[in-house]
Amino acid sequence: MQRPEISEYKSYFQYYIDLVDKGSFFDVLDENAKFLIEFFNNVPKELLNHKYAEDKWTVKEVLMHIIDTERAFAFRAFVCARGDADTPLHGMDENLYAANIN
């Protein structure tokens, strides 16, 4: 898989694309998954519901946001890979989703 051309995405996503290490897609995906699992496994359980400010997410909500986003992008990739031009690819309201984690 090649990195996308600038003409293939909105400029808003450039920041995120630049954050991705260069290399094989699957190697980068694998390394990121290992890092996240190790990171969250090392967060003490008593800190999972911690937030550093009243209007910010807890550690658990951040993890759930990552999981929700992976699910949304997996669905979008599935739709695109099957050549489905009719199914709308809606955005997601991350704050609504975070408010309904439980």
# chains A, B, ... in the order shown; residues from 1 in each chain; ligands from 1
>>> residues_around(residues="Ser24 of chain A", least_positions_apart="5", cutoff="12 Å", atoms="only C-alpha atoms", output="list in words")
Met1, Gln2, Arg3, Leu29, Asp30 and Glu31 of chain A
>>> write_last_selection(atoms="all heavy atoms", output="compact mmCIF listing (two decimals), in the first residue's frame")
# COMPACT_ATOMS: atom_id res chain seq x y z
N MET A 1 0.85 -1.17 0.00
CA MET A 1 0.00 0.00 0.00
C MET A 1 0.90 1.24 0.00
O MET A 1 1.83 1.33 0.79
CB MET A 1 -0.91 -0.03 1.22
CG MET A 1 -1.79 1.19 1.33
SD MET A 1 -2.90 1.15 2.75
CE MET A 1 -4.14 0.05 2.15
N GLN A 2 0.58 2.16 -0.87
CA GLN A 2 1.35 3.39 -1.00
C GLN A 2 0.71 4.50 -0.15
O GLN A 2 -0.48 4.47 0.12
CB GLN A 2 1.38 3.85 -2.46
CG GLN A 2 1.95 2.83 -3.42
CD GLN A 2 3.42 2.60 -3.16
OE1 GLN A 2 4.14 3.52 -2.84
NE2 GLN A 2 3.85 1.36 -3.27
N ARG A 3 1.52 5.47 0.23
CA ARG A 3 0.97 6.65 0.90
C ARG A 3 0.06 7.37 -0.10
O ARG A 3 0.35 7.41 -1.29
CB ARG A 3 2.09 7.57 1.36
CG ARG A 3 2.93 6.96 2.48
CD ARG A 3 4.08 7.87 2.86
NE ARG A 3 3.72 8.94 3.74
CZ ARG A 3 3.54 8.81 5.06
NH1 ARG A 3 3.67 7.65 5.62
NH2 ARG A 3 3.22 9.85 5.80
N LEU A 29 1.34 -0.67 11.09
CA LEU A 29 0.11 -1.02 11.79
C LEU A 29 0.39 -1.96 12.95
O LEU A 29 -0.11 -1.78 14.07
CB LEU A 29 -0.89 -1.65 10.81
CG LEU A 29 -2.29 -1.92 11.33
CD1 LEU A 29 -2.99 -0.62 11.69
CD2 LEU A 29 -3.08 -2.68 10.29
N ASP A 30 1.23 -2.95 12.70
CA ASP A 30 1.60 -3.94 13.72
C ASP A 30 2.34 -3.28 14.89
O ASP A 30 2.03 -3.54 16.06
CB ASP A 30 2.51 -4.98 13.07
CG ASP A 30 2.23 -6.37 13.55
OD1 ASP A 30 1.11 -6.64 14.02
OD2 ASP A 30 3.16 -7.20 13.46
N GLU A 31 3.31 -2.42 14.58
CA GLU A 31 4.07 -1.75 15.63
C GLU A 31 3.19 -0.82 16.46
O GLU A 31 3.32 -0.76 17.68
CB GLU A 31 5.24 -0.96 15.02
CG GLU A 31 6.37 -1.83 14.53
CD GLU A 31 6.94 -2.73 15.62
OE1 GLU A 31 7.22 -2.23 16.73
OE2 GLU A 31 7.09 -3.94 15.36
>>> atom_distance(atom1="atom CA of Val43 of chain A", atom2="atom CA of Phe75 of chain A")
28.9 Å
>>> residues_around(residues="Lys45 of chain A", least_positions_apart="3", cutoff="12 Å", atoms="only C-alpha atoms", output="PyMOL selection string")
chain A and resi 40-42+48-50+58-60
>>> write_last_selection(atoms="all heavy atoms", output="PDB file, in the first residue's frame")
ATOM      1  N   PHE A  40      -1.530   0.935  27.219  1.00  0.00           N
ATOM      2  CA  PHE A  40      -2.735   0.875  28.038  1.00  0.00           C
ATOM      3  C   PHE A  40      -2.669  -0.236  29.086  1.00  0.00           C
ATOM      4  O   PHE A  40      -3.288  -0.121  30.146  1.00  0.00           O
ATOM      5  CB  PHE A  40      -3.988   0.777  27.170  1.00  0.00           C
ATOM      6  CG  PHE A  40      -4.377   2.102  26.582  1.00  0.00           C
ATOM      7  CD1 PHE A  40      -4.113   2.393  25.254  1.00  0.00           C
ATOM      8  CD2 PHE A  40      -4.972   3.081  27.362  1.00  0.00           C
ATOM      9  CE1 PHE A  40      -4.453   3.626  24.712  1.00  0.00           C
ATOM     10  CE2 PHE A  40      -5.312   4.314  26.839  1.00  0.00           C
ATOM     11  CZ  PHE A  40      -5.055   4.587  25.510  1.00  0.00           C
ATOM     12  N   ASN A  41      -1.924  -1.295  28.828  1.00  0.00           N
ATOM     13  CA  ASN A  41      -1.722  -2.327  29.849  1.00  0.00           C
ATOM     14  C   ASN A  41      -0.923  -1.797  31.035  1.00  0.00           C
ATOM     15  O   ASN A  41      -1.024  -2.335  32.136  1.00  0.00           O
ATOM     16  CB  ASN A  41      -1.020  -3.556  29.272  1.00  0.00           C
ATOM     17  CG  ASN A  41      -1.970  -4.494  28.580  1.00  0.00           C
ATOM     18  OD1 ASN A  41      -3.168  -4.516  28.864  1.00  0.00           O
ATOM     19  ND2 ASN A  41      -1.449  -5.285  27.663  1.00  0.00           N
ATOM     20  N   ASN A  42      -0.140  -0.754  30.819  1.00  0.00           N
ATOM     21  CA  ASN A  42       0.686  -0.180  31.884  1.00  0.00           C
ATOM     22  C   ASN A  42       0.023   0.980  32.626  1.00  0.00           C
ATOM     23  O   ASN A  42       0.612   1.528  33.550  1.00  0.00           O
ATOM     24  CB  ASN A  42       2.045   0.260  31.327  1.00  0.00           C
ATOM     25  CG  ASN A  42       2.926  -0.925  31.034  1.00  0.00           C
ATOM     26  OD1 ASN A  42       3.118  -1.787  31.884  1.00  0.00           O
ATOM     27  ND2 ASN A  42       3.454  -0.985  29.830  1.00  0.00           N
ATOM     28  N   LEU A  48      -7.751   4.817  35.174  1.00  0.00           N
ATOM     29  CA  LEU A  48      -8.567   4.689  33.967  1.00  0.00           C
ATOM     30  C   LEU A  48      -9.689   5.716  33.897  1.00  0.00           C
ATOM     31  O   LEU A  48     -10.076   6.136  32.816  1.00  0.00           O
ATOM     32  CB  LEU A  48      -9.131   3.272  33.836  1.00  0.00           C
ATOM     33  CG  LEU A  48      -8.103   2.200  33.531  1.00  0.00           C
ATOM     34  CD1 LEU A  48      -8.765   0.828  33.507  1.00  0.00           C
ATOM     35  CD2 LEU A  48      -7.393   2.469  32.207  1.00  0.00           C
ATOM     36  N   ASN A  49     -10.217   6.124  35.031  1.00  0.00           N
ATOM     37  CA  ASN A  49     -11.290   7.120  35.050  1.00  0.00           C
ATOM     38  C   ASN A  49     -10.787   8.528  35.354  1.00  0.00           C
ATOM     39  O   ASN A  49     -11.573   9.437  35.594  1.00  0.00           O
ATOM     40  CB  ASN A  49     -12.369   6.712  36.058  1.00  0.00           C
ATOM     41  CG  ASN A  49     -13.130   5.505  35.569  1.00  0.00           C
ATOM     42  OD1 ASN A  49     -13.554   5.455  34.421  1.00  0.00           O
ATOM     43  ND2 ASN A  49     -13.267   4.510  36.422  1.00  0.00           N
ATOM     44  N   HIS A  50      -9.465   8.712  35.297  1.00  0.00           N
ATOM     45  CA  HIS A  50      -8.861  10.025  35.549  1.00  0.00           C
ATOM     46  C   HIS A  50      -8.988  10.921  34.326  1.00  0.00           C
ATOM     47  O   HIS A  50      -8.865  10.479  33.202  1.00  0.00           O
ATOM     48  CB  HIS A  50      -7.386   9.861  35.900  1.00  0.00           C
ATOM     49  CG  HIS A  50      -6.660  11.161  35.993  1.00  0.00           C
ATOM     50  ND1 HIS A  50      -6.802  12.006  37.079  1.00  0.00           N
ATOM     51  CD2 HIS A  50      -5.822  11.782  35.133  1.00  0.00           C
ATOM     52  CE1 HIS A  50      -6.072  13.081  36.874  1.00  0.00           C
ATOM     53  NE2 HIS A  50      -5.462  12.972  35.715  1.00  0.00           N
ATOM     54  N   THR A  58     -11.607  10.918  30.046  1.00  0.00           N
ATOM     55  CA  THR A  58     -10.831  10.049  30.917  1.00  0.00           C
ATOM     56  C   THR A  58      -9.894   9.200  30.058  1.00  0.00           C
ATOM     57  O   THR A  58     -10.037   9.132  28.821  1.00  0.00           O
ATOM     58  CB  THR A  58     -11.736   9.102  31.722  1.00  0.00           C
ATOM     59  OG1 THR A  58     -12.374   8.196  30.813  1.00  0.00           O
ATOM     60  CG2 THR A  58     -12.769   9.869  32.540  1.00  0.00           C
ATOM     61  N   VAL A  59      -8.964   8.520  30.712  1.00  0.00           N
ATOM     62  CA  VAL A  59      -8.062   7.605  29.989  1.00  0.00           C
ATOM     63  C   VAL A  59      -8.888   6.532  29.285  1.00  0.00           C
ATOM     64  O   VAL A  59      -8.640   6.195  28.122  1.00  0.00           O
ATOM     65  CB  VAL A  59      -7.042   6.975  30.969  1.00  0.00           C
ATOM     66  CG1 VAL A  59      -6.202   5.917  30.283  1.00  0.00           C
ATOM     67  CG2 VAL A  59      -6.168   8.056  31.601  1.00  0.00           C
ATOM     68  N   LYS A  60      -9.891   5.993  29.964  1.00  0.00           N
ATOM     69  CA  LYS A  60     -10.751   4.964  29.380  1.00  0.00           C
ATOM     70  C   LYS A  60     -11.499   5.505  28.158  1.00  0.00           C
ATOM     71  O   LYS A  60     -11.629   4.809  27.139  1.00  0.00           O
ATOM     72  CB  LYS A  60     -11.738   4.460  30.428  1.00  0.00           C
ATOM     73  CG  LYS A  60     -12.628   3.340  29.933  1.00  0.00           C
ATOM     74  CD  LYS A  60     -13.435   2.687  31.046  1.00  0.00           C
ATOM     75  CE  LYS A  60     -14.436   3.614  31.643  1.00  0.00           C
ATOM     76  NZ  LYS A  60     -15.337   2.967  32.607  1.00  0.00           N
TER      77      LYS A  60
END
>>> residues_around(residues="Asp93 of chain A", least_positions_apart="5", cutoff="12 Å", atoms="only C-alpha atoms", output="compact mmCIF listing (two decimals) with all heavy atoms, in the first residue's frame")
# COMPACT_ATOMS: atom_id res chain seq x y z
N HIS A 65 -12.28 5.86 22.34
CA HIS A 65 -12.29 6.68 21.12
C HIS A 65 -11.40 6.04 20.05
O HIS A 65 -11.78 5.99 18.87
CB HIS A 65 -11.82 8.10 21.43
CG HIS A 65 -11.61 8.93 20.20
ND1 HIS A 65 -12.64 9.29 19.36
CD2 HIS A 65 -10.49 9.45 19.65
CE1 HIS A 65 -12.16 10.00 18.36
NE2 HIS A 65 -10.85 10.12 18.52
N ASP A 68 -13.37 3.06 18.76
CA ASP A 68 -14.48 3.52 17.92
C ASP A 68 -13.98 3.99 16.55
O ASP A 68 -14.58 3.68 15.51
CB ASP A 68 -15.23 4.67 18.58
CG ASP A 68 -16.06 4.25 19.78
OD1 ASP A 68 -16.29 3.04 19.96
OD2 ASP A 68 -16.48 5.15 20.54
N THR A 69 -12.89 4.75 16.56
CA THR A 69 -12.34 5.27 15.30
C THR A 69 -11.84 4.14 14.41
O THR A 69 -12.07 4.15 13.19
CB THR A 69 -11.21 6.28 15.60
OG1 THR A 69 -11.74 7.31 16.44
CG2 THR A 69 -10.68 6.91 14.33
N ALA A 72 -14.87 2.61 12.80
CA ALA A 72 -15.43 3.47 11.75
C ALA A 72 -14.57 3.41 10.48
O ALA A 72 -15.10 3.26 9.37
CB ALA A 72 -15.55 4.91 12.25
N ALA A 98 -18.26 9.28 23.12
CA ALA A 98 -17.57 9.24 24.40
C ALA A 98 -18.57 9.36 25.56
O ALA A 98 -18.41 8.69 26.60
CB ALA A 98 -16.53 10.34 24.50
N ALA A 99 -19.61 10.16 25.38
CA ALA A 99 -20.62 10.34 26.43
C ALA A 99 -21.45 9.08 26.63
O ALA A 99 -22.10 8.92 27.67
CB ALA A 99 -21.52 11.52 26.08
N ASN A 100 -21.44 8.17 25.67
CA ASN A 100 -22.27 6.96 25.74
C ASN A 100 -21.43 5.67 25.81
O ASN A 100 -21.90 4.61 25.40
CB ASN A 100 -23.20 6.92 24.54
CG ASN A 100 -24.27 7.98 24.65
OD1 ASN A 100 -25.16 7.88 25.48
ND2 ASN A 100 -24.15 9.02 23.85
>>> decode(residues="segment 40-72 of chain A", atoms="N, CA, C and O atoms", output="PDB file, in the first residue's frame")
ATOM      1  N   PHE A  40      -1.530   0.935  27.219  1.00  0.00           N
ATOM      2  CA  PHE A  40      -2.735   0.875  28.038  1.00  0.00           C
ATOM      3  C   PHE A  40      -2.669  -0.236  29.086  1.00  0.00           C
ATOM      4  O   PHE A  40      -3.288  -0.121  30.146  1.00  0.00           O
ATOM      5  N   ASN A  41      -1.924  -1.295  28.828  1.00  0.00           N
ATOM      6  CA  ASN A  41      -1.722  -2.327  29.849  1.00  0.00           C
ATOM      7  C   ASN A  41      -0.923  -1.797  31.035  1.00  0.00           C
ATOM      8  O   ASN A  41      -1.024  -2.335  32.136  1.00  0.00           O
ATOM      9  N   ASN A  42      -0.140  -0.754  30.819  1.00  0.00           N
ATOM     10  CA  ASN A  42       0.686  -0.180  31.884  1.00  0.00           C
ATOM     11  C   ASN A  42       0.023   0.980  32.626  1.00  0.00           C
ATOM     12  O   ASN A  42       0.612   1.528  33.550  1.00  0.00           O
ATOM     13  N   VAL A  43      -1.187   1.332  32.215  1.00  0.00           N
ATOM     14  CA  VAL A  43      -1.913   2.374  32.941  1.00  0.00           C
ATOM     15  C   VAL A  43      -2.539   1.720  34.174  1.00  0.00           C
ATOM     16  O   VAL A  43      -3.303   0.764  34.042  1.00  0.00           O
ATOM     17  N   PRO A  44      -2.226   2.215  35.351  1.00  0.00           N
ATOM     18  CA  PRO A  44      -2.824   1.641  36.566  1.00  0.00           C
ATOM     19  C   PRO A  44      -4.351   1.738  36.519  1.00  0.00           C
ATOM     20  O   PRO A  44      -4.903   2.750  36.078  1.00  0.00           O
ATOM     21  N   LYS A  45      -5.026   0.692  36.976  1.00  0.00           N
ATOM     22  CA  LYS A  45      -6.491   0.649  36.920  1.00  0.00           C
ATOM     23  C   LYS A  45      -7.144   1.846  37.604  1.00  0.00           C
ATOM     24  O   LYS A  45      -8.178   2.331  37.158  1.00  0.00           O
ATOM     25  N   GLU A  46      -6.532   2.322  38.671  1.00  0.00           N
ATOM     26  CA  GLU A  46      -7.126   3.449  39.392  1.00  0.00           C
ATOM     27  C   GLU A  46      -7.057   4.751  38.585  1.00  0.00           C
ATOM     28  O   GLU A  46      -7.705   5.741  38.943  1.00  0.00           O
ATOM     29  N   LEU A  47      -6.286   4.777  37.504  1.00  0.00           N
ATOM     30  CA  LEU A  47      -6.196   5.980  36.667  1.00  0.00           C
ATOM     31  C   LEU A  47      -7.086   5.923  35.426  1.00  0.00           C
ATOM     32  O   LEU A  47      -7.178   6.903  34.684  1.00  0.00           O
ATOM     33  N   LEU A  48      -7.751   4.817  35.174  1.00  0.00           N
ATOM     34  CA  LEU A  48      -8.567   4.689  33.967  1.00  0.00           C
ATOM     35  C   LEU A  48      -9.689   5.716  33.897  1.00  0.00           C
ATOM     36  O   LEU A  48     -10.076   6.136  32.816  1.00  0.00           O
ATOM     37  N   ASN A  49     -10.217   6.124  35.031  1.00  0.00           N
ATOM     38  CA  ASN A  49     -11.290   7.120  35.050  1.00  0.00           C
ATOM     39  C   ASN A  49     -10.787   8.528  35.354  1.00  0.00           C
ATOM     40  O   ASN A  49     -11.573   9.437  35.594  1.00  0.00           O
ATOM     41  N   HIS A  50      -9.465   8.712  35.297  1.00  0.00           N
ATOM     42  CA  HIS A  50      -8.861  10.025  35.549  1.00  0.00           C
ATOM     43  C   HIS A  50      -8.988  10.921  34.326  1.00  0.00           C
ATOM     44  O   HIS A  50      -8.865  10.479  33.202  1.00  0.00           O
ATOM     45  N   LYS A  51      -9.258  12.186  34.585  1.00  0.00           N
ATOM     46  CA  LYS A  51      -9.183  13.210  33.541  1.00  0.00           C
ATOM     47  C   LYS A  51      -8.467  14.406  34.135  1.00  0.00           C
ATOM     48  O   LYS A  51      -8.618  14.695  35.321  1.00  0.00           O
ATOM     49  N   TYR A  52      -7.693  15.078  33.329  1.00  0.00           N
ATOM     50  CA  TYR A  52      -6.865  16.162  33.854  1.00  0.00           C
ATOM     51  C   TYR A  52      -7.608  17.484  33.963  1.00  0.00           C
ATOM     52  O   TYR A  52      -7.114  18.439  34.558  1.00  0.00           O
ATOM     53  N   ALA A  53      -8.806  17.553  33.404  1.00  0.00           N
ATOM     54  CA  ALA A  53      -9.649  18.748  33.532  1.00  0.00           C
ATOM     55  C   ALA A  53     -11.104  18.319  33.390  1.00  0.00           C
ATOM     56  O   ALA A  53     -11.405  17.266  32.805  1.00  0.00           O
ATOM     57  N   GLU A  54     -11.988  19.135  33.901  1.00  0.00           N
ATOM     58  CA  GLU A  54     -13.413  18.784  33.931  1.00  0.00           C
ATOM     59  C   GLU A  54     -13.992  18.464  32.552  1.00  0.00           C
ATOM     60  O   GLU A  54     -14.752  17.541  32.386  1.00  0.00           O
ATOM     61  N   ASP A  55     -13.632  19.237  31.556  1.00  0.00           N
ATOM     62  CA  ASP A  55     -14.229  19.056  30.227  1.00  0.00           C
ATOM     63  C   ASP A  55     -13.390  18.163  29.311  1.00  0.00           C
ATOM     64  O   ASP A  55     -13.574  18.178  28.091  1.00  0.00           O
ATOM     65  N   LYS A  56     -12.501  17.369  29.867  1.00  0.00           N
ATOM     66  CA  LYS A  56     -11.646  16.476  29.076  1.00  0.00           C
ATOM     67  C   LYS A  56     -12.070  15.029  29.289  1.00  0.00           C
ATOM     68  O   LYS A  56     -12.809  14.703  30.205  1.00  0.00           O
ATOM     69  N   TRP A  57     -11.581  14.143  28.406  1.00  0.00           N
ATOM     70  CA  TRP A  57     -11.921  12.726  28.483  1.00  0.00           C
ATOM     71  C   TRP A  57     -11.063  12.012  29.514  1.00  0.00           C
ATOM     72  O   TRP A  57      -9.931  12.399  29.780  1.00  0.00           O
ATOM     73  N   THR A  58     -11.607  10.918  30.046  1.00  0.00           N
ATOM     74  CA  THR A  58     -10.831  10.049  30.917  1.00  0.00           C
ATOM     75  C   THR A  58      -9.894   9.200  30.058  1.00  0.00           C
ATOM     76  O   THR A  58     -10.037   9.132  28.821  1.00  0.00           O
ATOM     77  N   VAL A  59      -8.964   8.520  30.712  1.00  0.00           N
ATOM     78  CA  VAL A  59      -8.062   7.605  29.989  1.00  0.00           C
ATOM     79  C   VAL A  59      -8.888   6.532  29.285  1.00  0.00           C
ATOM     80  O   VAL A  59      -8.640   6.195  28.122  1.00  0.00           O
ATOM     81  N   LYS A  60      -9.891   5.993  29.964  1.00  0.00           N
ATOM     82  CA  LYS A  60     -10.751   4.964  29.380  1.00  0.00           C
ATOM     83  C   LYS A  60     -11.499   5.505  28.158  1.00  0.00           C
ATOM     84  O   LYS A  60     -11.629   4.809  27.139  1.00  0.00           O
ATOM     85  N   GLU A  61     -11.976   6.745  28.233  1.00  0.00           N
ATOM     86  CA  GLU A  61     -12.678   7.344  27.093  1.00  0.00           C
ATOM     87  C   GLU A  61     -11.743   7.540  25.901  1.00  0.00           C
ATOM     88  O   GLU A  61     -12.159   7.369  24.750  1.00  0.00           O
ATOM     89  N   VAL A  62     -10.487   7.874  26.161  1.00  0.00           N
ATOM     90  CA  VAL A  62      -9.508   8.001  25.072  1.00  0.00           C
ATOM     91  C   VAL A  62      -9.318   6.653  24.397  1.00  0.00           C
ATOM     92  O   VAL A  62      -9.329   6.548  23.161  1.00  0.00           O
ATOM     93  N   LEU A  63      -9.154   5.598  25.193  1.00  0.00           N
ATOM     94  CA  LEU A  63      -9.008   4.251  24.623  1.00  0.00           C
ATOM     95  C   LEU A  63     -10.238   3.873  23.810  1.00  0.00           C
ATOM     96  O   LEU A  63     -10.117   3.361  22.694  1.00  0.00           O
ATOM     97  N   MET A  64     -11.412   4.133  24.338  1.00  0.00           N
ATOM     98  CA  MET A  64     -12.636   3.800  23.600  1.00  0.00           C
ATOM     99  C   MET A  64     -12.760   4.623  22.320  1.00  0.00           C
ATOM    100  O   MET A  64     -13.267   4.125  21.307  1.00  0.00           O
ATOM    101  N   HIS A  65     -12.276   5.864  22.341  1.00  0.00           N
ATOM    102  CA  HIS A  65     -12.286   6.682  21.125  1.00  0.00           C
ATOM    103  C   HIS A  65     -11.400   6.043  20.051  1.00  0.00           C
ATOM    104  O   HIS A  65     -11.776   5.991  18.873  1.00  0.00           O
ATOM    105  N   ILE A  66     -10.244   5.551  20.458  1.00  0.00           N
ATOM    106  CA  ILE A  66      -9.353   4.866  19.506  1.00  0.00           C
ATOM    107  C   ILE A  66     -10.060   3.649  18.924  1.00  0.00           C
ATOM    108  O   ILE A  66     -10.046   3.428  17.701  1.00  0.00           O
ATOM    109  N   ILE A  67     -10.718   2.863  19.774  1.00  0.00           N
ATOM    110  CA  ILE A  67     -11.437   1.663  19.310  1.00  0.00           C
ATOM    111  C   ILE A  67     -12.582   2.053  18.378  1.00  0.00           C
ATOM    112  O   ILE A  67     -12.758   1.454  17.303  1.00  0.00           O
ATOM    113  N   ASP A  68     -13.367   3.060  18.763  1.00  0.00           N
ATOM    114  CA  ASP A  68     -14.477   3.520  17.917  1.00  0.00           C
ATOM    115  C   ASP A  68     -13.982   3.991  16.551  1.00  0.00           C
ATOM    116  O   ASP A  68     -14.575   3.684  15.510  1.00  0.00           O
ATOM    117  N   THR A  69     -12.885   4.747  16.558  1.00  0.00           N
ATOM    118  CA  THR A  69     -12.342   5.273  15.305  1.00  0.00           C
ATOM    119  C   THR A  69     -11.841   4.144  14.414  1.00  0.00           C
ATOM    120  O   THR A  69     -12.066   4.155  13.193  1.00  0.00           O
ATOM    121  N   GLU A  70     -11.194   3.150  15.006  1.00  0.00           N
ATOM    122  CA  GLU A  70     -10.742   1.981  14.233  1.00  0.00           C
ATOM    123  C   GLU A  70     -11.926   1.288  13.581  1.00  0.00           C
ATOM    124  O   GLU A  70     -11.860   0.874  12.414  1.00  0.00           O
ATOM    125  N   ARG A  71     -13.010   1.128  14.315  1.00  0.00           N
ATOM    126  CA  ARG A  71     -14.212   0.483  13.773  1.00  0.00           C
ATOM    127  C   ARG A  71     -14.788   1.290  12.609  1.00  0.00           C
ATOM    128  O   ARG A  71     -15.162   0.736  11.582  1.00  0.00           O
ATOM    129  N   ALA A  72     -14.870   2.615  12.797  1.00  0.00           N
ATOM    130  CA  ALA A  72     -15.430   3.469  11.746  1.00  0.00           C
ATOM    131  C   ALA A  72     -14.571   3.408  10.483  1.00  0.00           C
ATOM    132  O   ALA A  72     -15.096   3.261   9.374  1.00  0.00           O
TER     133      ALA A  72
END
